[in-house]
$ cat input-v6.txt   # compact mmCIF, C-alpha atoms and all ligand atoms
# COMPACT_ATOMS: atom_id res chain seq x y z
CA MET F 1 -94.09 -76.17 -1.82
CA PRO F 2 -91.90 -79.30 -1.45
CA LYS F 3 -88.90 -79.44 -3.79
CA PRO F 4 -89.35 -81.97 -6.66
CA ALA F 5 -87.38 -85.13 -5.87
CA TYR F 6 -84.54 -86.54 -8.01
CA MET F 7 -86.24 -88.70 -10.68
CA PHE F 8 -84.19 -91.87 -10.03
CA ASP F 9 -83.43 -93.63 -6.75
CA ASN F 10 -80.13 -95.31 -5.83
CA THR F 11 -81.92 -97.54 -3.30
CA THR F 12 -83.76 -99.43 -6.08
CA ALA F 13 -82.51 -102.74 -7.49
CA GLN F 14 -82.09 -101.18 -10.96
CA ALA F 15 -79.69 -98.56 -9.57
CA GLN F 16 -77.21 -101.43 -9.12
CA VAL F 17 -77.18 -101.58 -12.93
CA GLN F 18 -77.71 -97.89 -13.74
CA VAL F 19 -75.15 -96.17 -11.49
CA PRO F 20 -72.13 -98.37 -12.35
CA LEU F 21 -73.11 -98.07 -16.05
CA LEU F 22 -72.82 -94.28 -15.87
CA ALA F 23 -69.28 -94.71 -14.64
CA GLU F 24 -68.53 -97.24 -17.42
CA LEU F 25 -69.90 -94.92 -20.10
CA LEU F 26 -68.40 -91.65 -18.95
CA ASP F 27 -65.37 -92.04 -16.67
CA GLY F 28 -62.87 -92.10 -19.56
CA HIS F 29 -64.10 -88.72 -20.77
CA THR F 30 -64.33 -87.24 -17.26
CA SER F 31 -60.86 -88.30 -16.15
CA GLY F 32 -59.50 -86.84 -19.40
CA VAL F 33 -60.98 -83.45 -18.51
CA LEU F 34 -60.07 -83.58 -14.81
CA GLY F 35 -56.55 -84.77 -15.62
CA ASP F 36 -55.79 -81.29 -16.98
CA LEU F 37 -57.15 -79.54 -13.87
CA ALA F 38 -56.65 -81.49 -10.62
CA GLU F 39 -53.18 -81.41 -9.07
CA PRO F 40 -51.41 -83.14 -6.17
CA GLY F 41 -52.30 -81.45 -2.86
CA ASP F 42 -55.67 -80.09 -4.10
CA SER F 43 -58.98 -80.28 -2.23
CA TRP F 44 -61.94 -81.28 -4.42
CA LEU F 45 -65.65 -81.82 -3.89
CA ASP F 46 -67.63 -84.32 -5.99
CA LEU F 47 -71.37 -83.58 -5.80
CA GLY F 48 -73.92 -86.36 -6.47
CA ALA F 49 -71.02 -88.80 -6.70
CA GLY F 50 -73.07 -91.97 -7.40
CA ALA F 51 -70.62 -94.88 -7.68
CA CYS F 52 -67.84 -92.54 -6.42
CA THR F 53 -65.52 -93.66 -9.21
CA VAL F 54 -64.72 -90.05 -10.15
CA SER F 55 -64.18 -89.16 -6.47
CA THR F 56 -61.79 -92.12 -6.17
CA TRP F 57 -59.96 -91.10 -9.34
CA LEU F 58 -59.63 -87.58 -7.93
CA ALA F 59 -58.38 -88.93 -4.59
CA ASP F 60 -55.61 -90.81 -6.40
CA ARG F 61 -54.82 -87.73 -8.44
CA VAL F 62 -54.56 -85.26 -5.54
CA GLY F 63 -52.55 -87.79 -3.51
CA SER F 64 -51.90 -88.00 0.23
CA ASP F 65 -51.38 -84.23 0.57
CA GLY F 66 -54.80 -83.54 -0.97
CA MET F 67 -58.34 -84.48 -0.07
CA VAL F 68 -61.64 -85.23 -1.75
CA THR F 69 -65.17 -85.11 -0.36
CA ALA F 70 -67.91 -87.02 -2.18
CA VAL F 71 -71.54 -86.34 -1.35
CA ASP F 72 -74.63 -88.18 -2.51
CA LEU F 73 -78.14 -88.85 -1.19
CA ASN F 74 -77.23 -92.55 -1.47
CA PRO F 75 -73.58 -93.08 -2.35
CA MET F 76 -72.74 -96.45 -3.95
CA PRO F 77 -68.94 -96.72 -3.66
CA ALA F 78 -67.63 -99.84 -5.33
CA GLY F 79 -63.86 -99.87 -5.04
CA PRO F 80 -61.32 -99.90 -2.21
CA VAL F 81 -61.39 -97.05 0.33
CA ARG F 82 -58.92 -94.19 0.04
CA ASN F 83 -57.63 -92.42 3.19
CA ASN F 84 -57.96 -89.02 1.55
CA LEU F 85 -61.57 -89.57 0.38
CA THR F 86 -64.53 -88.78 2.63
CA ILE F 87 -67.86 -90.12 1.42
CA HIS F 88 -70.80 -88.23 2.86
CA ALA F 89 -74.35 -89.62 2.58
CA GLY F 90 -76.81 -86.72 2.49
CA ASP F 91 -78.40 -83.93 0.55
CA LEU F 92 -75.82 -81.72 -1.11
CA HIS F 93 -77.97 -78.70 -0.24
CA GLU F 94 -77.12 -79.30 3.41
CA LEU F 95 -73.37 -79.43 2.93
CA HIS F 96 -71.72 -76.35 4.43
CA VAL F 97 -68.39 -75.64 2.81
CA PRO F 98 -66.34 -72.67 4.06
CA PRO F 99 -65.78 -70.02 1.36
CA ASN F 100 -62.63 -69.85 -0.79
CA CYS F 101 -61.27 -73.24 0.26
CA LEU F 102 -61.49 -75.69 -2.67
CA GLN F 103 -59.33 -76.11 -5.76
CA GLY F 104 -62.16 -77.87 -7.57
CA VAL F 105 -65.84 -78.80 -7.57
CA HIS F 106 -67.11 -81.51 -9.90
CA ALA F 107 -70.64 -82.76 -10.60
CA ARG F 108 -71.72 -85.08 -13.41
CA LEU F 109 -75.37 -85.62 -14.36
CA VAL F 110 -76.49 -83.80 -11.23
CA PHE F 111 -77.18 -80.13 -12.02
CA MET F 112 -79.59 -81.08 -14.83
CA HIS F 113 -81.74 -82.73 -12.14
CA LEU F 114 -81.71 -79.89 -9.58
CA PRO F 115 -84.23 -77.09 -10.10
CA ASP F 116 -82.18 -74.61 -8.00
CA ARG F 117 -79.10 -75.18 -10.18
CA LEU F 118 -78.28 -71.47 -10.57
CA ASP F 119 -78.21 -70.91 -6.78
CA LEU F 120 -76.04 -74.00 -6.41
CA LEU F 121 -73.69 -72.72 -9.11
CA GLN F 122 -73.22 -69.57 -7.02
CA GLN F 123 -72.58 -71.62 -3.86
CA CYS F 124 -69.99 -73.75 -5.67
CA ILE F 125 -68.20 -70.60 -6.82
CA GLU F 126 -68.18 -69.24 -3.27
CA ALA F 127 -66.59 -72.47 -2.02
CA LEU F 128 -63.80 -72.28 -4.63
CA ALA F 129 -60.48 -70.68 -3.80
CA PRO F 130 -59.36 -68.06 -6.34
CA GLY F 131 -58.03 -70.00 -9.34
CA GLY F 132 -60.21 -73.03 -8.44
CA TRP F 133 -62.13 -75.00 -11.09
CA LEU F 134 -65.82 -75.74 -11.47
CA VAL F 135 -66.49 -78.75 -13.73
CA LEU F 136 -70.11 -79.63 -14.55
CA SER F 137 -71.14 -82.35 -17.00
CA ASP F 138 -74.73 -82.85 -18.08
CA TRP F 139 -76.52 -84.62 -20.88
CA ALA F 140 -78.51 -83.03 -23.70
CA VAL F 141 -80.66 -84.82 -26.27
CA TRP F 142 -79.72 -84.45 -29.91
CA ASP F 143 -81.31 -85.43 -33.18
CA ARG F 144 -78.96 -88.27 -34.23
CA MET F 145 -79.26 -90.56 -31.21
CA ILE F 146 -80.79 -93.36 -33.32
CA VAL F 147 -77.92 -94.16 -35.68
CA ASP F 148 -79.34 -97.43 -37.05
CA SER F 149 -82.59 -99.18 -36.22
CA PRO F 150 -83.92 -102.69 -36.95
CA SER F 151 -87.28 -101.29 -38.18
CA GLY F 152 -89.50 -98.24 -38.50
CA ASP F 153 -91.65 -99.50 -35.61
CA ALA F 154 -88.55 -99.80 -33.43
CA THR F 155 -87.59 -96.20 -34.25
CA VAL F 156 -91.06 -94.96 -33.28
CA LEU F 157 -91.01 -96.94 -30.04
CA LEU F 158 -87.58 -95.61 -29.08
CA GLY F 159 -88.72 -92.04 -29.79
CA ARG F 160 -91.84 -92.50 -27.70
CA PHE F 161 -89.85 -93.93 -24.78
CA GLN F 162 -87.43 -91.04 -24.94
CA SER F 163 -90.16 -88.42 -24.88
CA HIS F 164 -92.04 -90.12 -22.01
CA LEU F 165 -88.84 -90.44 -19.95
CA LEU F 166 -88.00 -86.78 -20.53
CA GLN F 167 -91.49 -85.77 -19.43
CA LEU F 168 -91.08 -87.75 -16.21
CA GLY F 169 -87.74 -86.04 -15.68
CA GLU F 170 -89.15 -82.59 -16.29
CA ALA F 171 -91.95 -83.25 -13.80
CA ALA F 172 -89.18 -84.01 -11.27
CA GLY F 173 -87.36 -80.73 -11.93
CA MET F 174 -84.95 -81.91 -14.63
CA ASP F 175 -83.92 -79.45 -17.35
CA ILE F 176 -82.59 -81.19 -20.47
CA GLY F 177 -81.64 -77.76 -21.89
CA TRP F 178 -79.35 -76.87 -18.96
CA ALA F 179 -76.26 -78.55 -20.46
CA GLY F 180 -76.41 -76.11 -23.37
CA ASP F 181 -76.98 -73.13 -21.04
CA ALA F 182 -74.11 -73.89 -18.65
CA ASN F 183 -71.38 -72.06 -20.59
CA ARG F 184 -73.36 -68.81 -20.53
CA ALA F 185 -74.31 -69.32 -16.86
CA PHE F 186 -70.64 -69.84 -15.92
CA ARG F 187 -69.56 -66.65 -17.71
CA HIS F 188 -72.44 -64.60 -16.31
CA ALA F 189 -71.53 -65.81 -12.82
CA GLY F 190 -68.04 -64.34 -13.26
CA LEU F 191 -66.01 -67.47 -14.03
CA VAL F 192 -63.13 -67.15 -16.47
CA GLU F 193 -61.39 -69.53 -18.92
CA VAL F 194 -64.83 -71.05 -19.56
CA GLN F 195 -64.82 -73.91 -22.05
CA THR F 196 -67.37 -76.57 -23.01
CA THR F 197 -66.46 -79.88 -24.62
CA THR F 198 -69.02 -82.41 -25.84
CA PHE F 199 -68.78 -86.18 -25.80
CA ALA F 200 -70.86 -89.06 -27.17
CA ARG F 201 -70.11 -92.44 -28.71
CA THR F 202 -72.23 -95.13 -30.33
CA TRP F 203 -73.31 -98.48 -28.89
CA GLN F 204 -74.85 -101.61 -30.42
CA GLY F 205 -78.05 -103.08 -28.97
CA GLY F 206 -77.31 -104.92 -25.72
CA THR F 207 -74.37 -102.68 -24.78
CA GLY F 208 -73.61 -99.30 -23.22
CA ILE F 209 -76.35 -96.70 -23.55
CA CYS F 210 -78.82 -99.37 -24.78
CA ARG F 211 -78.37 -101.16 -21.46
CA LEU F 212 -78.87 -97.87 -19.63
CA HIS F 213 -82.18 -97.23 -21.44
CA ASP F 214 -83.25 -100.79 -20.60
CA SER F 215 -82.40 -100.24 -16.94
CA ASN F 216 -84.17 -96.85 -16.86
CA SER F 217 -87.25 -98.41 -18.47
CA ARG F 218 -87.34 -100.89 -15.56
CA GLN F 219 -86.60 -98.38 -12.79
CA LYS F 220 -89.38 -96.09 -14.13
CA GLU F 221 -91.72 -98.88 -15.26
CA ALA F 222 -94.69 -97.94 -13.04
CA GLU F 223 -94.53 -94.25 -14.02
CA LEU F 224 -94.10 -95.07 -17.72
CA ILE F 225 -97.20 -97.24 -17.55
CA ALA F 226 -99.08 -94.48 -15.69
CA SER F 227 -98.03 -92.09 -18.48
CA GLY F 228 -99.62 -94.28 -21.20
CA PHE F 229 -97.07 -96.99 -22.08
CA SER F 230 -98.38 -100.56 -21.96
CA LEU F 231 -96.32 -103.37 -20.45
CA ASP F 232 -96.30 -105.06 -23.89
CA GLU F 233 -94.78 -101.91 -25.40
CA LEU F 234 -92.12 -101.79 -22.68
CA GLU F 235 -91.26 -105.42 -23.33
CA ALA F 236 -91.06 -104.73 -27.08
CA LEU F 237 -88.80 -101.75 -26.33
CA ARG F 238 -86.46 -103.95 -24.27
CA GLU F 239 -86.24 -106.43 -27.14
CA VAL F 240 -85.27 -103.60 -29.50
CA LEU F 241 -82.66 -102.36 -26.99
CA ALA F 242 -81.07 -105.84 -26.95
CA ASP F 243 -81.12 -106.22 -30.78
CA PRO F 244 -77.57 -106.09 -32.22
CA ARG F 245 -78.94 -104.41 -35.38
CA LEU F 246 -79.71 -101.33 -33.24
CA VAL F 247 -77.02 -98.64 -32.98
CA LEU F 248 -77.65 -95.78 -30.56
CA SER F 249 -75.56 -92.77 -29.72
CA ASP F 250 -75.20 -91.60 -26.15
CA TYR F 251 -76.96 -88.43 -25.19
CA LEU F 252 -74.53 -85.58 -25.83
CA LEU F 253 -72.51 -84.93 -22.66
CA HIS F 254 -71.59 -81.25 -22.29
CA THR F 255 -68.72 -80.72 -19.88
CA THR F 256 -68.31 -77.08 -18.94
CA VAL F 257 -65.19 -75.97 -17.12
CA GLY F 258 -64.61 -72.53 -15.62
CA ARG F 259 -62.18 -70.94 -13.19
CA LYS F 260 -62.76 -68.57 -10.28
CA PRO F 261 -60.70 -65.53 -11.17
CA LEU F 262 -57.43 -64.87 -9.37
CA PRO F 263 -57.15 -61.39 -7.80
CA GLY F 264 -56.84 -58.91 -10.67
CA GLN F 265 -57.86 -61.50 -13.32
CA ALA F 266 -60.78 -60.27 -15.45
C1 LIG U 301 -77.48 -89.48 -12.60
S1 LIG U 301 -76.68 -89.85 -11.12
C2 LIG U 301 -74.99 -89.42 -11.48
C3 LIG U 301 -74.00 -90.13 -10.59
C4 LIG U 301 -72.53 -89.78 -10.86
N1 LIG U 301 -72.28 -88.37 -10.70
C5 LIG U 301 -72.15 -90.20 -12.25
O1 LIG U 301 -72.14 -89.37 -13.17
O2 LIG U 301 -71.83 -91.40 -12.43
C6 LIG U 301 -77.15 -88.51 -10.08
C7 LIG U 301 -76.67 -88.68 -8.66
O3 LIG U 301 -76.98 -87.49 -7.92
C8 LIG U 301 -77.47 -87.86 -6.65
N2 LIG U 301 -78.32 -86.77 -6.15
C9 LIG U 301 -79.45 -86.29 -6.70
N3 LIG U 301 -79.95 -85.29 -5.97
C10 LIG U 301 -79.09 -85.12 -4.92
C11 LIG U 301 -79.05 -84.25 -3.80
N4 LIG U 301 -80.01 -83.33 -3.60
N5 LIG U 301 -78.04 -84.37 -2.92
C12 LIG U 301 -77.07 -85.31 -3.10
N6 LIG U 301 -77.04 -86.15 -4.14
C13 LIG U 301 -78.04 -86.07 -5.04
C14 LIG U 301 -78.22 -89.14 -6.88
O4 LIG U 301 -78.38 -89.91 -5.71
C15 LIG U 301 -77.36 -89.83 -7.94
O5 LIG U 301 -76.38 -90.68 -7.38
$ encode --input "input-v6.txt" --output "structure tokens" --more "lines below"
Ligand SMILES: C[S@@+](CC[C@H](N)C(=O)[O-])C[C@H]1O[C@@H](n2cnc3c(N)ncnc32)[C@H](O)[C@@H]1O
Amino acid sequence: MPKPAYMFDNTTAQAQVQVPLLAELLDGHTSGVLGDLAEPGDSWLDLGAGACTVSTWLADRVGSDGMVTAVDLNPMPAGPVRNNLTIHAGDLHELHVPPNCLQGVHARLVFMHLPDRLDLLQQCIEALAPGGWLVLSDWAVWDRMIVDSPSGDATVLLGRFQSHLLQLGEAAGMDIGWAGDANRAFRHAGLVEVQTTTFARTWQGGTGICRLHDSNSRQKEAELIASGFSLDELEALREVLADPRLVLSDYLLHTTVGRKPLPGQA
């Protein structure tokens, strides 16, 4: 059976909005976490790097004695090139990393999309040197994402969009529960010092996560219509998402960090 494909596509016009927005929404949180882990001279791998902003941040952090490899099906690097950053266009499943060689592996909003995530977790651990860090961030839905809504109809429409989008994701192999399972998976795989932090903030209509939902509704328009949405409903949804009376929370980002044990470390 063919593997389900990633539900979005960086070669679409809407990815030019979506992928940089992910960086805008989340890089502050991610660099805060990685700032405690990555050190000058380290070698890091950034899987599913998207706009490569985290890879670039890591490259600056590890400095000229370190190196970073970013991999993505379709990388979309925006900023200036770094000499110690290699950007590889391809499927991360085909990347062959020698065992025990990396100080860190990072992936944000990638494992939730990959059905073989537990096998990949194992492969990431094999690639880590003893003492190396695995850092995975993924989104979960939660029950307070609509903080304030212009109307009851708007609330219903937003809920319907959310559930249709999640169904499309699940059909493509996404697991929206994975973020909450990662801590246990890390510990069961033998990682130590495992810790999960969660992050979300609110946005008014027309900004942040509201813009991301708008962009996703356009990138997935044909499939949303095939799943029962009408074009009129999608247009009404986009009006709601631009309405400044709307306040939405991000999905809840779970960032789970764990360390490959040093010899003798339980
Ligand atoms: C939701 S985006 C996240 C991008 C970036 N990590 C971020 O958080 O801003 C998921 C990324 O994973 C990439 N991706 C999905 N499946 C992949 C695969 N099998 N191999 C490499 N990259 C993949 C996509 O192309 C996309 O850029």
$ residues_around --input "input-v6.txt" --residues "stretch 5-21 of chain F" --least-positions-apart "6" --cutoff "10 Å" --atoms "only C-alpha atoms" --output "JSON, numbers by chain"
{"F": [27, 49, 50, 51, 52, 53, 72, 73, 74, 75, 76, 77, 78, 110, 113, 114, 115, 165, 168, 169, 170, 171, 172, 173, 174, 207, 208, 209, 211, 212, 213, 214, 215, 216, 217, 218, 219, 220]}
$ residues_around --input "input-v6.txt" --residues "F:Ser31" --least-positions-apart "5" --cutoff "9 Å" --atoms "only C-alpha atoms" --output "ChimeraX atom specification"
/F:26,36,54,57-58
$ residues_around --input "input-v6.txt" --residues "F:Ala179" --least-positions-apart "5" --cutoff "6 Å" --atoms "only C-alpha atoms" --output "list in words"
Asp138, Ala140 and His254 of chain F
$ atom_distance --input "input-v6.txt" --atom1 "atom CA of F:Gln167" --atom2 "atom CA of F:Ala242"
23.8 Å
$ closest_residue --input "input-v6.txt" --among "F:Gln103, F:Thr255, F:Thr202, F:Gln122" --to "ligand LIG 301 (chain U)" --atoms "all atoms listed in the file"
F:Thr255
$ atom_distance --input "input-v6.txt" --atom1 "atom CA of F:Arg61" --atom2 "atom CA of F:Val194"
22.4 Å
$ closest_residue --input "input-v6.txt" --among "F:Leu120, F:Ala129, F:Leu85, F:Leu37" --to "ligand LIG 301 (chain U)" --atoms "all atoms listed in the file"
F:Leu120
$ closest_residue --input "input-v6.txt" --among "F:Leu237, F:Cys210, F:Leu136, F:Leu246" --to "F:Val33" --atoms "only C-alpha atoms"
F:Leu136
$ atom_distance --input "input-v6.txt" --atom1 "atom CA of F:Ala236" --atom2 "atom C2 of ligand LIG 301 (chain U)"
27.1 Å
$ closest_residue --input "input-v6.txt" --among "F:Val62, F:Leu253, F:Ala154, F:Ile176" --to "F:Arg238" --atoms "only C-alpha atoms"
F:Ala154
$ decode --input "input-v6.txt" --residues "stretch 218-242 of chain F" --atoms "N, CA and C atoms" --output "compact mmCIF listing (two decimals), in the first residue's frame"
# COMPACT_ATOMS: atom_id res chain seq x y z
N ARG F 218 -7.86 27.83 2.09
CA ARG F 218 -7.65 28.04 0.65
C ARG F 218 -6.82 26.90 0.05
N GLN F 219 -5.76 26.49 0.80
CA GLN F 219 -4.93 25.40 0.27
C GLN F 219 -5.76 24.10 0.14
N LYS F 220 -6.70 23.90 1.06
CA LYS F 220 -7.49 22.65 1.06
C LYS F 220 -8.91 22.87 0.52
N GLU F 221 -9.10 23.97 -0.22
CA GLU F 221 -10.46 24.32 -0.65
C GLU F 221 -11.18 23.18 -1.39
N ALA F 222 -10.50 22.59 -2.37
CA ALA F 222 -11.17 21.56 -3.19
C ALA F 222 -11.59 20.38 -2.31
N GLU F 223 -10.71 19.97 -1.39
CA GLU F 223 -11.04 18.81 -0.55
C GLU F 223 -12.12 19.15 0.48
N LEU F 224 -12.10 20.41 0.97
CA LEU F 224 -13.16 20.81 1.91
C LEU F 224 -14.51 20.79 1.21
N ILE F 225 -14.52 21.24 -0.04
CA ILE F 225 -15.79 21.23 -0.79
C ILE F 225 -16.22 19.78 -1.05
N ALA F 226 -15.25 18.94 -1.40
CA ALA F 226 -15.59 17.51 -1.63
C ALA F 226 -16.11 16.86 -0.34
N SER F 227 -15.70 17.41 0.81
CA SER F 227 -16.12 16.80 2.09
C SER F 227 -17.45 17.38 2.58
N GLY F 228 -18.05 18.32 1.82
CA GLY F 228 -19.40 18.78 2.18
C GLY F 228 -19.52 20.26 2.48
N PHE F 229 -18.41 20.99 2.51
CA PHE F 229 -18.47 22.45 2.67
C PHE F 229 -18.93 23.07 1.35
N SER F 230 -19.71 24.15 1.40
CA SER F 230 -20.00 24.87 0.15
C SER F 230 -19.01 26.03 0.04
N LEU F 231 -18.86 26.55 -1.18
CA LEU F 231 -17.97 27.69 -1.37
C LEU F 231 -18.48 28.90 -0.58
N ASP F 232 -19.82 29.07 -0.52
CA ASP F 232 -20.40 30.17 0.27
C ASP F 232 -20.00 30.05 1.73
N GLU F 233 -20.02 28.82 2.25
CA GLU F 233 -19.64 28.63 3.66
C GLU F 233 -18.16 28.96 3.86
N LEU F 234 -17.32 28.56 2.90
CA LEU F 234 -15.89 28.87 3.03
C LEU F 234 -15.66 30.38 2.99
N GLU F 235 -16.43 31.05 2.15
CA GLU F 235 -16.27 32.51 2.08
C GLU F 235 -16.75 33.17 3.37
N ALA F 236 -17.85 32.63 3.94
CA ALA F 236 -18.33 33.15 5.23
C ALA F 236 -17.29 32.90 6.32
N LEU F 237 -16.68 31.73 6.28
CA LEU F 237 -15.63 31.39 7.26
C LEU F 237 -14.49 32.40 7.18
N ARG F 238 -14.07 32.73 5.96
CA ARG F 238 -12.94 33.65 5.79
C ARG F 238 -13.29 35.05 6.30
N GLU F 239 -14.56 35.43 6.15
CA GLU F 239 -14.99 36.72 6.71
C GLU F 239 -14.89 36.70 8.23
N VAL F 240 -15.32 35.60 8.82
CA VAL F 240 -15.24 35.47 10.30
C VAL F 240 -13.77 35.54 10.73
N LEU F 241 -12.89 34.85 9.98
CA LEU F 241 -11.47 34.79 10.36
C LEU F 241 -10.79 36.16 10.25
N ALA F 242 -11.40 37.07 9.48
CA ALA F 242 -10.83 38.42 9.34
C ALA F 242 -11.50 39.43 10.29
